[in-house]
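Listing of coords32.cif; format and content: mmCIF, C-alpha atoms.
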```cif
data_protein
loop_
_atom_site.group_PDB
_atom_site.id
_atom_site.type_symbol
_atom_site.label_atom_id
_atom_site.label_comp_id
_atom_site.auth_asym_id
_atom_site.auth_seq_id
_atom_site.Cartn_x
_atom_site.Cartn_y
_atom_site.Cartn_z
ATOM 1 C CA MET A 1 -63.214 4.977 13.975
ATOM 2 C CA LYS A 2 -60.420 4.022 11.554
ATOM 3 C CA PRO A 3 -57.672 6.118 13.225
ATOM 4 C CA ARG A 4 -58.497 4.423 16.548
ATOM 5 C CA ALA A 5 -58.388 1.011 14.878
ATOM 6 C CA TYR A 6 -54.959 1.779 13.374
ATOM 7 C CA LEU A 7 -53.606 2.970 16.731
ATOM 8 C CA LEU A 8 -54.979 -0.033 18.625
ATOM 9 C CA MET A 9 -53.598 -2.486 16.058
ATOM 10 C CA LEU A 10 -50.230 -0.746 16.203
ATOM 11 C CA PHE A 11 -50.362 -1.131 20.002
ATOM 12 C CA VAL A 12 -51.157 -4.850 19.626
ATOM 13 C CA VAL A 13 -48.298 -5.375 17.171
ATOM 14 C CA ALA A 14 -45.901 -3.519 19.497
ATOM 15 C CA VAL A 15 -46.999 -5.726 22.417
ATOM 16 C CA TRP A 16 -46.559 -8.886 20.356
ATOM 17 C CA GLY A 17 -43.115 -7.744 19.204
ATOM 18 C CA SER A 18 -41.920 -6.839 22.694
ATOM 19 C CA THR A 19 -43.074 -10.125 24.219
ATOM 20 C CA PHE A 20 -40.302 -12.039 22.419
ATOM 21 C CA VAL A 21 -37.710 -10.396 24.665
ATOM 22 C CA LEU A 22 -39.999 -10.561 27.706
ATOM 23 C CA ILE A 23 -40.672 -14.295 27.316
ATOM 24 C CA LYS A 24 -37.017 -15.016 26.481
ATOM 25 C CA GLY A 25 -36.078 -13.617 29.905
ATOM 26 C CA ALA A 26 -38.893 -15.476 31.676
ATOM 27 C CA LEU A 27 -37.700 -18.800 30.247
ATOM 28 C CA ALA A 28 -34.805 -18.610 32.689
ATOM 29 C CA ASP A 29 -37.413 -19.275 35.408
ATOM 30 C CA ALA A 30 -39.683 -21.750 33.606
ATOM 31 C CA THR A 31 -39.457 -24.446 30.977
ATOM 32 C CA PRO A 32 -41.148 -23.442 27.674
ATOM 33 C CA ALA A 33 -44.159 -25.771 27.763
ATOM 34 C CA ALA A 34 -44.822 -25.037 31.438
ATOM 35 C CA PHE A 35 -44.774 -21.309 30.693
ATOM 36 C CA ASN A 36 -47.184 -21.809 27.790
ATOM 37 C CA LEU A 37 -49.615 -23.799 29.908
ATOM 38 C CA ALA A 38 -49.600 -21.150 32.662
ATOM 39 C CA ARG A 39 -50.045 -18.399 30.079
ATOM 40 C CA MET A 40 -52.957 -20.014 28.246
ATOM 41 C CA THR A 41 -54.705 -21.039 31.465
ATOM 42 C CA LEU A 42 -54.537 -17.465 32.755
ATOM 43 C CA ALA A 43 -55.679 -16.088 29.378
ATOM 44 C CA PHE A 44 -58.629 -18.488 29.370
ATOM 45 C CA LEU A 45 -59.655 -17.434 32.872
ATOM 46 C CA VAL A 46 -59.547 -13.765 31.839
ATOM 47 C CA LEU A 47 -61.621 -14.445 28.705
ATOM 48 C CA ALA A 48 -64.056 -16.649 30.642
ATOM 49 C CA ALA A 49 -64.705 -13.791 33.053
ATOM 50 C CA ALA A 50 -64.873 -11.099 30.358
ATOM 51 C CA TYR A 51 -67.171 -13.131 28.076
ATOM 52 C CA HIS A 52 -69.158 -14.948 30.750
ATOM 53 C CA SER A 53 -72.442 -14.206 29.008
ATOM 54 C CA SER A 54 -71.190 -15.904 25.828
ATOM 55 C CA TRP A 55 -71.124 -19.390 27.349
ATOM 56 C CA ARG A 56 -74.825 -19.752 26.603
ATOM 57 C CA GLY A 57 -74.177 -19.154 22.910
ATOM 58 C CA ILE A 58 -71.850 -22.141 22.516
ATOM 59 C CA ARG A 59 -73.525 -25.080 20.746
ATOM 60 C CA LYS A 60 -72.380 -28.694 20.748
ATOM 61 C CA SER A 61 -71.802 -28.534 16.984
ATOM 62 C CA GLN A 62 -69.196 -25.786 17.527
ATOM 63 C CA ILE A 63 -67.046 -27.679 20.004
ATOM 64 C CA ALA A 64 -65.177 -29.782 17.413
ATOM 65 C CA SER A 65 -64.381 -26.656 15.387
ATOM 66 C CA GLY A 66 -63.103 -24.863 18.480
ATOM 67 C CA ALA A 67 -60.957 -27.882 19.320
ATOM 68 C CA LEU A 68 -59.371 -27.877 15.841
ATOM 69 C CA VAL A 69 -58.478 -24.187 16.035
ATOM 70 C CA GLY A 70 -57.201 -24.655 19.598
ATOM 71 C CA LEU A 71 -54.998 -27.566 18.482
ATOM 72 C CA CYS A 72 -53.382 -25.485 15.724
ATOM 73 C CA LEU A 73 -52.863 -22.624 18.184
ATOM 74 C CA ALA A 74 -51.251 -24.952 20.734
ATOM 75 C CA VAL A 75 -48.897 -26.408 18.101
ATOM 76 C CA GLY A 76 -47.816 -22.922 17.043
ATOM 77 C CA TYR A 77 -47.147 -21.728 20.589
ATOM 78 C CA GLN A 78 -45.339 -24.901 21.670
ATOM 79 C CA PHE A 79 -42.948 -24.699 18.718
ATOM 80 C CA GLN A 80 -42.514 -20.952 19.133
ATOM 81 C CA THR A 81 -41.657 -20.882 22.833
ATOM 82 C CA THR A 82 -39.500 -24.017 22.696
ATOM 83 C CA GLY A 83 -37.629 -22.489 19.764
ATOM 84 C CA LEU A 84 -37.309 -19.110 21.491
ATOM 85 C CA ALA A 85 -35.459 -20.803 24.354
ATOM 86 C CA ARG A 86 -32.799 -21.829 21.813
ATOM 87 C CA THR A 87 -32.508 -18.800 19.536
ATOM 88 C CA THR A 88 -32.563 -15.006 19.750
ATOM 89 C CA PRO A 89 -35.745 -12.919 20.084
ATOM 90 C CA SER A 90 -35.265 -11.078 16.783
ATOM 91 C CA LYS A 91 -34.624 -14.286 14.815
ATOM 92 C CA SER A 92 -37.679 -15.864 16.394
ATOM 93 C CA ALA A 93 -39.834 -12.876 15.453
ATOM 94 C CA PHE A 94 -38.688 -12.676 11.839
ATOM 95 C CA ILE A 95 -39.193 -16.425 11.294
ATOM 96 C CA THR A 96 -42.605 -16.315 12.997
ATOM 97 C CA GLY A 97 -43.542 -13.488 10.623
ATOM 98 C CA LEU A 98 -43.357 -15.991 7.770
ATOM 99 C CA VAL A 99 -46.906 -17.007 8.660
ATOM 100 C CA VAL A 100 -48.110 -14.098 6.492
ATOM 101 C CA VAL A 101 -46.305 -15.715 3.537
ATOM 102 C CA LEU A 102 -47.227 -19.320 4.341
ATOM 103 C CA VAL A 103 -50.996 -18.762 4.557
ATOM 104 C CA PRO A 104 -51.476 -17.783 0.899
ATOM 105 C CA LEU A 105 -48.836 -20.331 -0.129
ATOM 106 C CA PHE A 106 -50.684 -23.193 1.584
ATOM 107 C CA SER A 107 -53.895 -21.887 0.071
ATOM 108 C CA ALA A 108 -52.645 -23.170 -3.272
ATOM 109 C CA VAL A 109 -54.000 -26.530 -2.062
ATOM 110 C CA PRO A 110 -57.684 -26.510 -3.089
ATOM 111 C CA GLY A 111 -58.895 -28.275 0.059
ATOM 112 C CA LEU A 112 -57.323 -25.604 2.285
ATOM 113 C CA ARG A 113 -58.798 -22.612 0.493
ATOM 114 C CA GLN A 114 -62.061 -21.009 1.444
ATOM 115 C CA ARG A 115 -64.899 -22.109 -0.818
ATOM 116 C CA GLY A 116 -64.990 -19.954 -3.931
ATOM 117 C CA ALA A 117 -61.625 -18.307 -3.248
ATOM 118 C CA PRO A 118 -59.199 -18.236 -6.208
ATOM 119 C CA ALA A 119 -55.735 -19.760 -6.017
ATOM 120 C CA PRO A 120 -52.880 -17.507 -4.843
ATOM 121 C CA ARG A 121 -51.219 -15.465 -7.546
ATOM 122 C CA TRP A 122 -47.627 -14.911 -8.653
ATOM 123 C CA ASN A 123 -46.828 -12.500 -5.838
ATOM 124 C CA ALA A 124 -47.472 -15.163 -3.183
ATOM 125 C CA PHE A 125 -44.881 -17.491 -4.701
ATOM 126 C CA CYS A 126 -42.355 -14.717 -5.332
ATOM 127 C CA GLY A 127 -42.873 -13.466 -1.776
ATOM 128 C CA ALA A 128 -42.308 -16.971 -0.430
ATOM 129 C CA ALA A 129 -39.074 -17.309 -2.412
ATOM 130 C CA LEU A 130 -37.800 -13.979 -1.063
ATOM 131 C CA ALA A 131 -38.788 -14.832 2.505
ATOM 132 C CA PHE A 132 -37.187 -18.270 2.488
ATOM 133 C CA SER A 133 -33.995 -16.834 0.975
ATOM 134 C CA GLY A 134 -34.029 -14.376 3.845
ATOM 135 C CA ILE A 135 -34.429 -17.195 6.360
ATOM 136 C CA LEU A 136 -31.265 -18.867 5.063
ATOM 137 C CA LEU A 137 -29.286 -15.634 5.383
ATOM 138 C CA LEU A 138 -30.765 -14.893 8.809
ATOM 139 C CA THR A 139 -30.211 -18.314 10.360
ATOM 140 C CA ALA A 140 -27.235 -19.920 8.603
ATOM 141 C CA PRO A 141 -23.698 -18.501 8.447
ATOM 142 C CA ALA A 142 -21.749 -18.538 5.175
ATOM 143 C CA ILE A 143 -19.679 -21.549 4.193
ATOM 144 C CA SER A 144 -16.129 -21.009 5.421
ATOM 145 C CA ASN A 145 -13.520 -21.020 2.637
ATOM 146 C CA GLY A 146 -10.477 -21.064 4.890
ATOM 147 C CA PRO A 147 -7.517 -18.662 4.796
ATOM 148 C CA HIS A 148 -6.057 -19.908 1.478
ATOM 149 C CA HIS A 149 -9.172 -19.703 -0.688
ATOM 150 C CA ALA A 150 -9.800 -16.650 -2.833
ATOM 151 C CA GLY A 151 -11.218 -15.647 -6.178
ATOM 152 C CA THR A 152 -14.624 -15.870 -7.832
ATOM 153 C CA TRP A 153 -15.449 -19.347 -6.506
ATOM 154 C CA ALA A 154 -14.668 -18.262 -2.951
ATOM 155 C CA LEU A 155 -16.897 -15.208 -3.397
ATOM 156 C CA PHE A 156 -19.718 -17.409 -4.699
ATOM 157 C CA THR A 157 -19.446 -19.955 -1.880
ATOM 158 C CA SER A 158 -19.343 -17.146 0.692
ATOM 159 C CA LEU A 159 -22.937 -16.409 -0.277
ATOM 160 C CA LEU A 160 -24.045 -20.007 0.227
ATOM 161 C CA PRO A 161 -25.476 -20.912 3.661
ATOM 162 C CA ASP A 162 -23.817 -23.529 5.834
ATOM 163 C CA LEU A 163 -26.965 -25.583 6.477
ATOM 164 C CA SER A 164 -25.186 -27.744 9.044
ATOM 165 C CA SER A 165 -24.914 -24.697 11.308
ATOM 166 C CA ILE A 166 -28.629 -23.836 11.456
ATOM 167 C CA ASN A 167 -29.769 -23.500 15.069
ATOM 168 C CA ILE A 168 -32.304 -26.087 16.273
ATOM 169 C CA GLY A 169 -34.229 -23.181 17.772
ATOM 170 C CA ASP A 170 -34.610 -21.654 14.307
ATOM 171 C CA LEU A 171 -36.000 -24.928 12.935
ATOM 172 C CA LEU A 172 -38.462 -25.193 15.813
ATOM 173 C CA THR A 173 -39.579 -21.627 15.161
ATOM 174 C CA LEU A 174 -40.174 -22.500 11.509
ATOM 175 C CA GLY A 175 -42.487 -25.242 12.813
ATOM 176 C CA CYS A 176 -44.260 -22.526 14.802
ATOM 177 C CA ALA A 177 -44.859 -20.468 11.632
ATOM 178 C CA ILE A 178 -46.357 -23.553 9.966
ATOM 179 C CA GLY A 179 -48.592 -24.203 12.978
ATOM 180 C CA PHE A 180 -49.832 -20.604 13.068
ATOM 181 C CA ALA A 181 -50.431 -20.702 9.300
ATOM 182 C CA PHE A 182 -52.763 -23.671 9.723
ATOM 183 C CA HIS A 183 -54.399 -21.808 12.623
ATOM 184 C CA CYS A 184 -55.117 -18.894 10.262
ATOM 185 C CA ILE A 185 -56.513 -21.231 7.607
ATOM 186 C CA ALA A 186 -58.698 -23.036 10.143
ATOM 187 C CA LEU A 187 -60.005 -19.675 11.380
ATOM 188 C CA SER A 188 -60.876 -18.627 7.840
ATOM 189 C CA HIS A 189 -63.183 -21.657 7.536
ATOM 190 C CA ILE A 190 -64.616 -21.582 11.051
ATOM 191 C CA SER A 191 -64.930 -17.920 12.096
ATOM 192 C CA PRO A 192 -67.811 -17.117 9.691
ATOM 193 C CA ARG A 193 -69.905 -19.800 11.426
ATOM 194 C CA ILE A 194 -69.082 -18.972 15.066
ATOM 195 C CA GLY A 195 -69.247 -15.637 16.870
ATOM 196 C CA PHE A 196 -65.916 -14.215 17.975
ATOM 197 C CA ARG A 197 -66.519 -14.462 21.712
ATOM 198 C CA PRO A 198 -67.547 -18.161 21.753
ATOM 199 C CA LEU A 199 -64.697 -18.917 19.344
ATOM 200 C CA ALA A 200 -62.185 -17.092 21.559
ATOM 201 C CA LEU A 201 -63.352 -19.076 24.589
ATOM 202 C CA LEU A 202 -63.219 -22.389 22.722
ATOM 203 C CA GLN A 203 -59.869 -21.954 21.004
ATOM 204 C CA VAL A 204 -57.993 -20.615 24.038
ATOM 205 C CA GLY A 205 -59.632 -23.164 26.328
ATOM 206 C CA PHE A 206 -58.804 -26.112 24.067
ATOM 207 C CA CYS A 207 -55.327 -24.688 23.498
ATOM 208 C CA ALA A 208 -54.731 -24.846 27.271
ATOM 209 C CA VAL A 209 -56.101 -28.412 27.374
ATOM 210 C CA PHE A 210 -53.820 -29.603 24.559
ATOM 211 C CA MET A 211 -50.849 -27.904 26.200
ATOM 212 C CA GLY A 212 -51.632 -29.668 29.463
ATOM 213 C CA VAL A 213 -51.921 -33.055 27.755
ATOM 214 C CA SER A 214 -48.684 -32.621 25.779
ATOM 215 C CA LEU A 215 -46.655 -31.186 28.674
ATOM 216 C CA PRO A 216 -45.202 -34.466 30.053
ATOM 217 C CA PHE A 217 -44.278 -35.623 26.532
ATOM 218 C CA ILE A 218 -42.377 -32.436 25.690
ATOM 219 C CA GLU A 219 -40.320 -31.762 28.810
ATOM 220 C CA HIS A 220 -39.840 -32.208 32.523
ATOM 221 C CA PRO A 221 -41.763 -29.091 33.580
ATOM 222 C CA HIS A 222 -40.243 -26.645 35.999
ATOM 223 C CA ILE A 223 -41.382 -23.218 37.228
ATOM 224 C CA THR A 224 -39.745 -20.862 39.705
ATOM 225 C CA TRP A 225 -42.238 -18.154 40.635
ATOM 226 C CA THR A 226 -40.162 -14.988 40.370
ATOM 227 C CA PRO A 227 -41.339 -11.385 39.822
ATOM 228 C CA ARG A 228 -39.847 -11.534 36.318
ATOM 229 C CA LEU A 229 -41.900 -14.612 35.475
ATOM 230 C CA LEU A 230 -45.120 -13.211 36.960
ATOM 231 C CA ILE A 231 -44.762 -9.958 34.997
ATOM 232 C CA ALA A 232 -44.098 -11.883 31.768
ATOM 233 C CA LEU A 233 -47.085 -14.162 32.381
ATOM 234 C CA GLY A 234 -49.385 -11.243 33.123
ATOM 235 C CA ILE A 235 -48.401 -9.315 29.994
ATOM 236 C CA ALA A 236 -48.363 -12.388 27.746
ATOM 237 C CA ALA A 237 -51.703 -13.740 28.977
ATOM 238 C CA VAL A 238 -53.717 -10.557 29.523
ATOM 239 C CA LEU A 239 -52.307 -8.100 26.968
ATOM 240 C CA ALA A 240 -50.750 -10.320 24.267
ATOM 241 C CA THR A 241 -53.476 -12.986 24.253
ATOM 242 C CA ALA A 242 -56.844 -12.046 25.794
ATOM 243 C CA ALA A 243 -56.831 -8.315 24.963
ATOM 244 C CA ALA A 244 -54.959 -8.693 21.661
ATOM 245 C CA PHE A 245 -57.403 -11.294 20.316
ATOM 246 C CA SER A 246 -60.302 -8.970 21.131
ATOM 247 C CA ILE A 247 -58.678 -5.856 19.624
ATOM 248 C CA GLN A 248 -57.558 -7.655 16.477
ATOM 249 C CA SER A 249 -61.019 -9.091 15.891
ATOM 250 C CA TRP A 250 -62.644 -5.646 16.190
ATOM 251 C CA ALA A 251 -59.976 -3.880 14.118
ATOM 252 C CA GLN A 252 -60.216 -6.404 11.275
ATOM 253 C CA SER A 253 -63.923 -5.601 11.013
ATOM 254 C CA VAL A 254 -63.071 -1.913 10.481
ATOM 255 C CA LEU A 255 -59.795 -1.872 8.524
ATOM 256 C CA PRO A 256 -59.068 -3.254 5.041
ATOM 257 C CA PRO A 257 -57.446 -6.711 5.366
ATOM 258 C CA THR A 258 -54.304 -5.632 3.491
ATOM 259 C CA HIS A 259 -53.768 -2.709 5.897
ATOM 260 C CA THR A 260 -54.102 -5.062 8.881
ATOM 261 C CA ALA A 261 -51.644 -7.529 7.373
ATOM 262 C CA LEU A 262 -49.103 -4.802 6.644
ATOM 263 C CA LEU A 263 -49.347 -3.570 10.230
ATOM 264 C CA LEU A 264 -48.598 -7.127 11.346
ATOM 265 C CA THR A 265 -45.349 -7.103 9.363
ATOM 266 C CA LEU A 266 -44.061 -4.564 11.906
ATOM 267 C CA GLU A 267 -44.073 -7.227 14.649
ATOM 268 C CA PRO A 268 -40.516 -8.495 13.964
ATOM 269 C CA VAL A 269 -39.342 -4.881 13.668
ATOM 270 C CA PHE A 270 -40.661 -4.118 17.158
ATOM 271 C CA ALA A 271 -39.080 -7.365 18.366
ATOM 272 C CA TRP A 272 -35.687 -6.379 16.964
ATOM 273 C CA ILE A 273 -35.907 -2.853 18.422
ATOM 274 C CA THR A 274 -36.813 -4.252 21.844
ATOM 275 C CA SER A 275 -34.047 -6.855 21.643
ATOM 276 C CA PHE A 276 -31.540 -4.178 20.617
ATOM 277 C CA LEU A 277 -32.513 -1.805 23.447
ATOM 278 C CA ILE A 278 -32.795 -4.387 26.237
ATOM 279 C CA MET A 279 -30.490 -7.274 25.261
ATOM 280 C CA HIS A 280 -28.120 -5.256 23.030
ATOM 281 C CA GLU A 281 -28.655 -7.804 20.262
ATOM 282 C CA ARG A 282 -27.158 -6.708 16.955
ATOM 283 C CA LEU A 283 -27.682 -8.199 13.524
ATOM 284 C CA GLY A 284 -24.619 -8.409 11.276
ATOM 285 C CA LEU A 285 -24.768 -7.555 7.578
ATOM 286 C CA ARG A 286 -25.715 -11.081 6.488
ATOM 287 C CA PRO A 287 -28.564 -11.721 8.979
ATOM 288 C CA ALA A 288 -29.791 -8.125 8.596
ATOM 289 C CA THR A 289 -30.010 -8.669 4.831
ATOM 290 C CA GLY A 290 -31.966 -11.843 5.524
ATOM 291 C CA ALA A 291 -34.359 -9.984 7.806
ATOM 292 C CA LEU A 292 -34.960 -7.357 5.103
ATOM 293 C CA LEU A 293 -35.625 -10.089 2.526
ATOM 294 C CA ILE A 294 -38.210 -11.648 4.857
ATOM 295 C CA LEU A 295 -39.956 -8.289 5.263
ATOM 296 C CA ALA A 296 -39.799 -7.750 1.489
ATOM 297 C CA GLY A 297 -41.352 -11.165 0.872
ATOM 298 C CA ILE A 298 -44.133 -10.467 3.379
ATOM 299 C CA ALA A 299 -44.805 -7.040 1.854
ATOM 300 C CA LEU A 300 -44.870 -8.444 -1.690
ATOM 301 C CA THR A 301 -47.315 -11.111 -0.599
ATOM 302 C CA GLU A 302 -49.668 -8.581 0.996
ATOM 303 C CA LEU A 303 -49.262 -5.414 -1.096
ATOM 304 C CA VAL A 304 -50.744 -6.949 -4.235
ATOM 305 C CA PRO A 305 -54.514 -7.183 -3.601
ATOM 306 C CA GLN A 306 -55.779 -10.746 -3.363
ATOM 307 C CA PRO A 307 -58.277 -12.806 -1.364
ATOM 308 C CA HIS A 308 -57.014 -12.555 2.222
ATOM 309 C CA LEU A 309 -57.284 -15.031 5.054
ATOM 310 C CA PRO A 310 -57.309 -13.930 8.709
ATOM 311 C CA THR A 311 -53.948 -13.738 10.449
ATOM 312 C CA ALA A 312 -53.116 -14.567 14.040
ATOM 313 C CA HIS A 313 -49.422 -15.036 14.838
ATOM 314 C CA GLU A 314 -48.616 -13.176 18.081
ATOM 315 C CA ALA A 315 -45.530 -13.943 20.014
ATOM 316 C CA GLY A 316 -47.498 -14.644 21.852
#
```
Now that the file is in, can you turn its structure into structure tokens?
Amino acid sequence: MKPRAYLLMLFVVAVWGSTFVLIKGALADATPAAFNLARMTLAFLVLAAAYHSSWRGIRKSQIASGALVGLCLAVGYQFQTTGLARTTPSKSAFITGLVVVLVPLFSAVPGLRQRGAPAPRWNAFCGAALAFSGILLLTAPAISNGPHHAGTWALFTSLLPDLSSINIGDLLTLGCAIGFAFHCIALSHISPRIGFRPLALLQVGFCAVFMGVSLPFIEHPHITWTPRLLIALGIAAVLATAAAFSIQSWAQSVLPPTHTALLLTLEPVFAWITSFLIMHERLGLRPATGALLILAGIALTELVPQPHLPTAHEAG
């Protein structure tokens, strides 16, 4: 049972990682919010058909909870895809991976923690510091000293990030990590009270509704129905959303939470490999060091045993 769970979760993480490049290409044929709405609508239709018998199990008291989780999910996806249109797939994946650090960090607020759960420990804060240092190296170039500057001061300033050069896409993607973190926290409070299938239907359905409502306020939507777009929509909706939610839910009931979380840290690695192979994207020494610091911060946060909240931060 466990080997199959590990293999299926590895498959899910590989799909999530590869969709960054896939969706980046599809955004040439569709605006980000329009793509998201089409993706979530298709995913909801697939789940509605697969879990048709679960509609009877949905109670009125569960609708508000499903709406809250769906809202957080919609916020995360809207920021992620809009940011992806303005940055590279590997950067987007590494910044999105910060959700694993942000969840325990936000759990320091008593009202956000599960009832009876202790506050996060030292490793969560150290992991956050490492990860955010990595973000600065990954997203911001060094301050330029000019041709006539040398010496110790020049060496020191070469390590400092030029914050004025941070890409707007990177900032939007950071908003996505925050949105997905709140989605994880909301799930930790709600999932024990609602079965997975009704919750999947409610959160994906409400996510599509919120995306539809917000669409005209975010952009002037445009879609050109090309084979590239249809393939990306099919993979993102069916594999990376409907199937991945189902597999992750089952696997997390079999595997230790820390093992699941560590598997999820491979998502940006798969994204970088895919981006390197398909788009020939290369990370220089500075951004590569930043990416490693992010992975180190995530690993430090998850390797030390502690109360764990569910994670859900696919690149879709």
Exercise for the section: Name every residue that the PyMOL selection byres ((chain A and resi 216-233) around 6) selects in this structure, writing the answer as a list in words with chains first and numbers rising. Expected result: Leu22, Ala26, Asp29, Ala30, Thr31, Ala34, Arg39, Ser214, Leu215, Gly234, Ile235, Ala236 and Ala237 of chain A
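Distances from A:Val269, A:Leu295, A:Val238, A:Ala28 to Arg86 in chain A were compared using only C-alpha atoms, and the smallest one belongs to A:Ala28.
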Handout entry: Å distance separating CA of Ala140 in chain A from CA of Ile166 in chain A, one decimal place
Key = 5.0 Å
Problem - Distance of CA of Lys60 in chain A from CA of Gln203 in chain A, expressed in Å to one decimal place - result: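 Straight-line distance from CA of Gln203 in chain A to CA of Lys60 in chain A works out to 14.2 Å.
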Handout entry: Hits from the PyMOL selection byres ((chain A and resi 123-134) around 12), listed as a ChimeraX atom specification
Key = /A:91,94-108,119-122,135-140,159-161,174,286-308
Problem - Residues in the PyMOL selection byres ((chain A and resi 66) around 12), expressed as number ranges by chain - result: A: 58-65, 67-73, 183, 186-187, 189-191, 193-207, 209
Handout entry: One-decimal distance in Å that lies between CA of Glu281 in chain A and CA of Leu8 in chain A
Key =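 One can read the CA of Leu8 in chain A to CA of Glu281 in chain A distance as 27.5 Å.
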Practice task
Do a neighbour search on Leu37 in chain A at 8 Å with all atoms listed in the file, toss out local chain neighbours closer than 4 positions, and write the hits as a ChimeraX atom specification.
Solution key: /A:33,41,208,211-212
Handout entry: Distance query Thr173 in chain A at most 6 Å, all atoms listed in the file, self and fewer than 5 positions along chain excluded, as a VMD selection string
Key = chain A and resid 79 to 80 83
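Comparing the minimum interatomic distances between Val46 in chain A and each of A:Thr241, A:Ile23, A:Pro268, A:Leu263, counting all atoms listed in the file, we find that A:Thr241 sits nearest.
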Problem - Counting all atoms listed in the file, the option among A:Thr265, A:Thr88, A:Asn36, A:Gln78 closest to Lys24 in chain A - result: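 For Lys24 in chain A, the nearest of the candidates is A:Thr88.
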Problem - All residues 10 Å or closer to Leu10 in chain A, all atoms listed in the file, same chain fewer than 2 positions away omitted, as a ChimeraX atom specification - result: /A:4-8,12-16,260,263-264,266-267
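Remark: for Leu112 in chain A, the closest of the candidate residues A:Leu172, A:Ala251, A:Cys184, A:Val75 is A:Cys184 (distances computed over only C-alpha atoms).
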Put the listed atoms of range 41-55 of chain A in a box along x, y and z with 8 Å added on every side and give me the centre and edge lengths in Å to one decimal, as JSON.
```
{"center_x": -63.5, "center_y": -16.1, "center_z": 29.4, "size_x": 33.9, "size_y": 25.9, "size_z": 23.2}
```
